[in-house]
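Novice: What follows is my_file-v6.cif, made up of mmCIF, C-alpha atoms:
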```cif
data_run
#
loop_
_atom_site.label_atom_id
_atom_site.label_comp_id
_atom_site.auth_asym_id
_atom_site.auth_seq_id
_atom_site.Cartn_x
_atom_site.Cartn_y
_atom_site.Cartn_z
CA MET A 22 0.00 0.00 0.00
CA LYS A 23 1.10 3.57 -0.62
CA MET A 24 0.51 6.89 1.06
CA ARG A 25 -1.36 9.31 -1.18
CA GLU A 26 1.17 11.25 -3.21
CA SER A 27 1.43 15.00 -2.83
CA ARG A 28 0.15 16.87 -5.87
CA VAL A 29 2.19 19.91 -4.83
CA LEU A 30 5.48 18.02 -4.58
CA ARG A 31 4.80 16.11 -7.79
CA LYS A 32 4.36 19.34 -9.74
CA LEU A 33 7.20 21.21 -8.03
CA ARG A 34 9.64 18.36 -8.63
CA ALA A 35 8.60 18.43 -12.30
CA GLY A 36 9.49 22.12 -12.49
CA GLU A 37 5.92 23.41 -12.57
CA VAL A 38 4.40 26.36 -10.71
CA VAL A 39 1.83 25.49 -8.04
CA SER A 40 -1.38 27.41 -7.35
CA CYS A 41 -2.71 27.85 -3.82
CA PHE A 42 -5.83 29.33 -2.23
CA LYS A 43 -6.39 30.27 1.41
CA VAL A 44 -9.57 29.14 3.16
CA ASN A 45 -10.58 30.95 6.33
CA PHE A 46 -14.10 29.59 6.62
CA GLY A 47 -14.38 26.78 9.13
CA ASP A 48 -16.18 24.35 6.85
CA GLY A 49 -14.77 21.70 4.54
CA GLN A 50 -17.22 22.76 1.84
CA ALA A 51 -15.17 25.90 1.23
CA SER A 52 -12.06 23.80 0.66
CA GLU A 53 -13.99 21.42 -1.56
CA LEU A 54 -15.17 24.33 -3.70
CA ALA A 55 -11.57 25.55 -4.10
CA ALA A 56 -10.46 22.01 -4.96
CA LEU A 57 -13.25 21.64 -7.51
CA SER A 58 -12.11 24.90 -9.09
CA GLY A 59 -8.74 23.33 -9.82
CA PHE A 60 -6.32 24.73 -7.25
CA ASP A 61 -3.30 22.54 -6.55
CA CYS A 62 -3.30 23.38 -2.85
CA VAL A 63 -5.61 24.83 -0.22
CA TRP A 64 -4.24 26.19 3.02
CA ILE A 65 -6.08 26.64 6.26
CA ASP A 66 -4.96 28.42 9.37
CA ARG A 67 -4.63 27.31 12.98
CA GLU A 68 -2.24 30.09 13.92
CA HIS A 69 -4.93 32.78 13.83
CA LEU A 70 -8.22 30.87 13.51
CA ALA A 71 -10.03 28.63 15.97
CA GLN A 72 -10.27 25.55 13.77
CA ASP A 73 -10.58 22.47 15.95
CA TRP A 74 -9.31 19.07 14.86
CA SER A 75 -12.67 17.85 13.57
CA VAL A 76 -12.80 20.88 11.29
CA VAL A 77 -9.27 20.19 10.07
CA SER A 78 -10.34 16.62 9.32
CA ALA A 79 -13.24 17.90 7.22
CA HIS A 80 -10.88 20.07 5.17
CA VAL A 81 -8.54 17.08 4.69
CA TRP A 82 -11.33 14.86 3.42
CA ALA A 83 -12.75 17.56 1.16
CA THR A 84 -9.44 18.21 -0.57
CA LYS A 85 -8.32 14.57 -0.76
CA ALA A 86 -11.50 13.73 -2.62
CA HIS A 87 -10.33 15.89 -5.52
CA ASP A 88 -6.57 15.20 -5.44
CA THR A 89 -5.85 18.63 -3.99
CA ASP A 90 -3.26 19.08 -1.27
CA LEU A 91 -4.05 20.65 2.08
CA MET A 92 -1.47 22.74 3.92
CA VAL A 93 -2.15 23.67 7.54
CA ARG A 94 -0.49 26.71 9.06
CA VAL A 95 0.17 25.49 12.58
CA PRO A 96 0.43 27.56 15.75
CA ARG A 97 3.87 27.81 17.28
CA GLY A 98 3.87 25.23 20.03
CA SER A 99 4.72 21.67 20.95
CA TYR A 100 5.59 18.87 18.54
CA SER A 101 2.00 17.61 18.74
CA ASP A 102 0.72 20.89 17.31
CA TYR A 103 2.93 20.23 14.29
CA VAL A 104 2.37 16.52 13.69
CA LYS A 105 -1.38 16.23 14.29
CA PRO A 106 -2.30 17.82 10.95
CA LEU A 107 0.07 15.40 9.24
CA GLU A 108 -1.44 12.44 11.09
CA LEU A 109 -4.89 13.57 9.94
CA ASP A 110 -3.35 13.32 6.43
CA ALA A 111 -2.88 16.98 5.62
CA THR A 112 -0.24 17.05 2.90
CA GLY A 113 1.92 19.70 4.50
CA ILE A 114 2.38 22.15 7.32
CA LEU A 115 3.41 25.79 7.33
CA VAL A 116 5.31 26.81 10.45
CA PRO A 117 5.12 30.57 11.05
CA HIS A 118 7.87 32.93 12.20
CA CYS A 119 10.98 30.86 11.66
CA MET A 120 13.54 32.99 13.49
CA GLY A 121 16.80 31.33 12.50
CA VAL A 122 18.64 28.13 11.64
CA GLU A 123 18.40 26.62 15.14
CA ASP A 124 14.66 27.24 15.12
CA ALA A 125 14.46 25.54 11.71
CA ARG A 126 16.50 22.55 12.91
CA ASN A 127 14.12 22.10 15.82
CA VAL A 128 11.11 22.06 13.48
CA VAL A 129 12.77 19.45 11.28
CA ARG A 130 13.61 17.32 14.31
CA MET A 131 9.96 17.34 15.42
CA THR A 132 8.34 16.83 12.00
CA ARG A 133 10.56 14.39 10.11
CA PHE A 134 11.09 10.72 10.79
CA HIS A 135 14.46 8.95 11.02
CA PRO A 136 17.01 9.42 9.54
CA ILE A 137 16.18 13.12 9.08
CA GLY A 138 14.48 13.85 12.39
CA LEU A 139 12.87 12.31 15.45
CA ARG A 140 9.17 12.86 14.84
CA ALA A 141 7.00 10.94 17.29
CA ILE A 142 5.69 7.77 15.62
CA ASP A 143 2.19 6.38 15.74
CA GLY A 144 1.17 4.96 12.37
CA GLY A 145 -2.40 4.29 13.44
CA SER A 146 -3.78 7.52 12.02
CA ALA A 147 -4.95 8.45 8.53
CA ASP A 148 -1.50 9.19 7.12
CA GLY A 149 -0.29 5.71 8.09
CA LEU A 150 -3.44 4.18 6.58
CA TYR A 151 -4.50 3.13 10.09
CA THR A 152 -1.55 0.70 10.44
CA ASN A 153 -2.14 -0.75 6.97
CA LEU A 154 1.02 0.89 5.68
CA ASN A 155 4.21 -1.04 6.41
CA PHE A 156 6.06 0.59 9.32
CA SER A 157 9.30 1.26 7.45
CA GLU A 158 7.43 2.38 4.36
CA TYR A 159 5.34 4.75 6.48
CA LEU A 160 8.44 6.53 7.71
CA ARG A 161 10.04 6.64 4.27
CA GLN A 162 6.94 7.77 2.39
CA ALA A 163 6.01 10.39 4.98
CA ASN A 164 9.46 11.97 4.61
CA GLN A 165 9.07 11.88 0.82
CA GLN A 166 5.41 12.80 0.27
CA ARG A 167 4.62 15.28 3.04
CA PHE A 168 6.07 18.78 2.95
CA VAL A 169 7.36 21.08 5.66
CA VAL A 170 7.30 24.81 4.93
CA LEU A 171 9.00 27.46 7.07
CA GLN A 172 7.56 30.94 7.00
CA ILE A 173 10.08 33.77 6.74
CA GLU A 174 8.26 36.87 7.96
CA ASP A 175 10.77 38.65 10.17
CA PRO A 176 14.12 40.35 9.50
CA GLU A 177 15.97 38.16 12.04
CA PRO A 178 16.38 35.01 9.89
CA LEU A 179 17.55 36.83 6.76
CA ASP A 180 21.25 36.49 7.59
CA GLU A 181 20.81 32.71 8.00
CA LEU A 182 18.68 32.07 4.91
CA ASP A 183 21.32 29.92 3.24
CA ALA A 184 21.77 27.75 6.33
CA ILE A 185 18.00 27.39 6.70
CA ALA A 186 17.44 26.55 3.03
CA ALA A 187 20.27 24.01 3.11
CA LEU A 188 18.62 21.92 5.83
CA GLU A 189 17.48 18.46 4.84
CA GLY A 190 13.81 18.07 5.67
CA VAL A 191 12.82 21.60 4.70
CA ASP A 192 10.93 21.66 1.40
CA MET A 193 9.95 25.31 1.10
CA LEU A 194 10.56 28.75 2.50
CA PHE A 195 7.42 30.88 2.45
CA PHE A 196 7.92 34.64 2.43
CA GLY A 197 5.13 36.34 4.42
CA PRO A 198 4.86 40.01 3.42
CA GLY A 199 2.23 41.01 5.98
CA ASP A 200 4.10 40.44 9.22
CA PHE A 201 7.39 41.34 7.56
CA SER A 202 6.06 44.77 6.63
CA GLN A 203 5.03 45.33 10.24
CA ALA A 204 8.37 44.07 11.56
CA ILE A 205 10.27 46.67 9.54
CA GLY A 206 7.94 49.47 10.65
CA ALA A 207 6.15 49.78 7.31
CA PRO A 208 2.86 47.88 7.71
CA GLY A 209 1.05 47.38 4.43
CA GLU A 210 3.77 48.96 2.28
CA TRP A 211 4.00 46.04 -0.14
CA ASN A 212 6.57 47.75 -2.38
CA HIS A 213 8.86 48.89 0.44
CA PRO A 214 12.51 48.38 -0.63
CA ARG A 215 13.36 46.26 2.42
CA LEU A 216 10.35 44.04 1.84
CA GLU A 217 11.13 43.60 -1.85
CA ASP A 218 14.76 42.84 -1.04
CA ALA A 219 13.75 40.20 1.51
CA ARG A 220 11.30 38.59 -0.91
CA ARG A 221 14.04 38.37 -3.54
CA ARG A 222 16.58 36.98 -1.06
CA VAL A 223 14.23 34.20 0.06
CA ALA A 224 13.70 33.07 -3.52
CA GLU A 225 17.41 33.20 -4.30
CA ALA A 226 18.32 31.12 -1.24
CA CYS A 227 15.80 28.47 -2.24
CA VAL A 228 17.13 28.29 -5.79
CA ARG A 229 20.73 28.00 -4.56
CA HIS A 230 19.91 25.06 -2.31
CA GLY A 231 17.40 23.18 -4.46
CA LYS A 232 14.39 24.10 -2.34
CA PHE A 233 11.11 25.69 -3.41
CA ALA A 234 10.21 29.31 -2.78
CA ALA A 235 6.64 30.14 -1.76
CA THR A 236 4.81 33.38 -1.14
CA THR A 237 1.41 35.04 -1.19
CA GLY A 238 0.33 38.06 -3.19
CA SER A 239 -1.91 39.51 -5.85
CA ILE A 240 -2.58 37.48 -8.98
CA ASP A 241 -1.57 40.63 -10.86
CA ARG A 242 2.03 40.09 -9.68
CA LEU A 243 2.18 36.37 -10.44
CA GLU A 244 4.50 36.75 -13.42
CA GLU A 245 6.83 38.90 -11.33
CA PHE A 246 6.93 36.36 -8.49
CA VAL A 247 7.61 33.46 -10.85
CA GLY A 248 10.37 35.51 -12.46
CA MET A 249 12.01 35.89 -9.04
CA GLY A 250 12.04 32.12 -8.61
CA TYR A 251 8.81 31.51 -6.72
CA LYS A 252 7.20 28.18 -7.60
CA PHE A 253 4.35 28.14 -5.05
CA VAL A 254 2.08 31.19 -4.98
CA SER A 255 -1.07 31.70 -2.92
CA VAL A 256 -3.20 34.08 -4.96
CA GLY A 257 -6.50 34.50 -3.11
CA ALA A 258 -8.72 33.79 -0.15
CA ASP A 259 -12.34 32.85 0.38
CA VAL A 260 -13.07 35.80 2.67
CA VAL A 261 -11.75 38.24 0.06
CA GLY A 262 -13.83 36.70 -2.71
CA VAL A 263 -17.08 36.55 -0.75
CA SER A 264 -16.59 40.05 0.67
CA THR A 265 -15.93 41.52 -2.78
CA TYR A 266 -18.92 39.72 -4.26
CA CYS A 267 -21.28 40.81 -1.47
CA GLN A 268 -20.08 44.41 -1.52
CA GLY A 269 -20.54 44.55 -5.27
CA LEU A 270 -24.08 43.25 -5.04
CA VAL A 271 -25.05 45.64 -2.25
CA SER A 272 -23.52 48.59 -4.09
CA ARG A 273 -25.39 47.73 -7.27
CA PHE A 274 -28.61 47.13 -5.33
CA HIS A 275 -28.47 50.59 -3.71
CA LYS A 276 -27.52 52.26 -6.99
CA GLU A 277 -30.38 50.70 -8.94
CA THR A 278 -33.06 51.12 -6.28
CA ALA A 279 -32.11 54.78 -5.79
CA THR A 280 -33.30 55.56 -9.32
CA VAL A 281 -36.54 53.58 -9.15
CA GLN A 282 -39.68 55.60 -8.62
CA PRO A 283 -41.93 53.89 -6.08
CA ALA A 284 -45.36 52.84 -7.33
CA SER A 285 -48.29 54.81 -6.05
CA GLY A 286 -50.82 53.28 -3.77
CA GLY A 287 -50.24 50.37 -1.51
CA TYR A 288 -51.56 49.30 1.85
CA ARG A 289 -52.63 51.90 4.37
#
```
The structure in this file should be written as structure tokens.
Specialist:
Amino acid sequence: MKMRESRVLRKLRAGEVVSCFKVNFGDGQASELAALSGFDCVWIDREHLAQDWSVVSAHVWATKAHDTDLMVRVPRGSYSDYVKPLELDATGILVPHCMGVEDARNVVRMTRFHPIGLRAIDGGSADGLYTNLNFSEYLRQANQQRFVVLQIEDPEPLDELDAIAALEGVDMLFFGPGDFSQAIGAPGEWNHPRLEDARRRVAEACVRHGKFAATTGSIDRLEEFVGMGYKFVSVGADVVGVSTYCQGLVSRFHKETATVQPASGGYR
């Protein structure tokens, strides 16, 4: 038996660019809709959102049904916070605020099996096919088919980017512009020179060390990001889409009803 292969890793290893979509809504139907639309990856958030484990399971099932990967941004915490999404059969995890090479080594130690790390072993969960996957194969395939992404969103790790990117067990570095802009005292200034320099440096470090660069940003800048070396780009979010759609409808509703003359008569 085999663990389900990662669509993201399959495409990245073939030199392709991967599409991703962020789901904030706490219902697997939102992830299923994104998967049905054709995204390679959906990511959900446990760093900022109160998604319990049953909700995470629903997102896993919804994406697996359509051969779409699920990446879970984990909260910074214990090893169990990191490995539970993987044991539920999420395809990858995104660890926020990697602050340096020692921090990165610790994440690898907790999330990769021997010989790369010392991740706690169970094998009785969904990723191990409920013990139906051979023990040795479980460890090997999990190291090969599940991805670990470190989020670079602070200035502190920039001087150690090469050491971080060189680590075995790290698949991607994900540049986070939001928190980075705040950390340099320029919140929301997406074209700030320091932010643009950091985004470029993350991509270059990944290319030098055979890792994949990931980021989030406007679809209008996709060509620019890919030109920098980014191969994994998150280009939208459910809350943005629904908000824009609703605001557009309400705006049109008010505009059109403002010009309508009310009919005379009616109940008194």
Novice: Applying the PyMOL selection byres ((chain A and resi 168) around 6) to the file I just gave you, which residues come out? Please list them as a ChimeraX atom specification.
Specialist: /A:113,167,169,192
Novice: Write out as number ranges by chain each polymer residue whose atoms come within 8 Å of A:Leu154, counting all atoms listed in the file; drop sequence neighbours fewer than 3 positions from it.
Specialist: A: 22-24, 144, 149-151, 158-159
Novice: Can you work out which one of A:Asn155, A:Ser52, A:Asn164, A:Gln172 has the shortest atom-to-atom distance to A:Asp88, counting only C-alpha atoms?
Specialist: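 For A:Asp88, the nearest of the candidates is A:Ser52.
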Novice: Just to confirm, what's the straight-line distance from atom CA of A:Val223 to atom CA of A:Leu171 in Å (one decimal)?
Specialist: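 Computing the Euclidean distance for atom CA of A:Val223 and atom CA of A:Leu171 yields 11.0 Å.
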Novice: What does the distance between atom CA of A:Ser146 and atom CA of A:Asn127 come to in Å, to one decimal place?
Specialist: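 Value for the atom CA of A:Ser146-atom CA of A:Asn127 distance: 23.4 Å.
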Novice: For the atom pair atom CA of A:Val122 and atom CA of A:Ile185, what is the interatomic distance in Å to one decimal place?
Specialist: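 Computing the Euclidean distance for atom CA of A:Val122 and atom CA of A:Ile185 yields 5.0 Å.
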Novice: Have a look at A:Leu115, A:Leu107, A:Ala51, A:Ala125 and name the one nearest to A:Ala141; count only C-alpha atoms.
Specialist: A:Leu107
Novice: Between A:Pro96, A:Pro106, A:Pro198, A:Pro214, which one has atoms that come closest to A:Ala235, using only C-alpha atoms?
Specialist: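 For A:Ala235, the nearest of the given residues is A:Pro198.
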Novice: Could you give me, as a ChimeraX atom specification, the residues within 12 Å of A:Arg31, counting all atoms listed in the file and dropping anything in the same chain fewer than 4 positions from it?
Specialist: /A:25-27,35-39,61-62,88-90,112,165-168
Novice: Please provide the set of residues having any atom within 8 Å of stretch 67-80 of chain A, restricted to only C-alpha atoms, with same-chain residues fewer than 2 positions apart removed, written as a list in words.
Specialist: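 Using only C-alpha atoms, the neighbours found are Asn45, Gly47, Asp48, Gly49, Gln50, Ser52, Glu53, Ile65, Trp82, Ala83, Thr84, Leu91, Val93, Arg94, Val95, Pro96, Arg97, Pro106, Leu109 and Pro117 of chain A.
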Novice: Go through A:Leu216, A:Ala55, A:Ala258, A:Ala111 one by one, measure the shortest atom-to-atom distance of each to A:Met92 using all atoms listed in the file, and give the residue with the smallest value.
Specialist: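 Of all the options, A:Ala111 lies closest to A:Met92.
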Novice: Around all the atoms of stretch 275-281 of chain A listed in the file, with 4 Å of room on each side, what axis-aligned box do you get, giving centre and edge lengths in Å to one decimal, as lines of an AutoDock Vina configuration file?
Specialist:
```
center_x = -32.0
center_y = 53.1
center_z = -6.5
size_x = 17.0
size_y = 13.0
size_z = 13.6
```
Novice: Can you tell me which residues surround A:His230 at a distance of at most 12 Å, considering only C-alpha atoms, apart from same-chain residues fewer than 2 positions away, and format the answer as a PyMOL selection string?
Specialist: chain A and resi 182-189+191-194+223-228+232-234
Novice: Which residue out of A:Ala219, A:Ile240, A:Leu54, A:Val281 has the minimum interatomic distance to A:Leu179 when all atoms listed in the file are used?
Specialist: A:Ala219
Novice: Pick out the closest residue to A:Val254 from this set: A:Trp64, A:Phe156, A:Tyr103, A:Phe274. Count all atoms listed in the file.
Specialist: A:Trp64
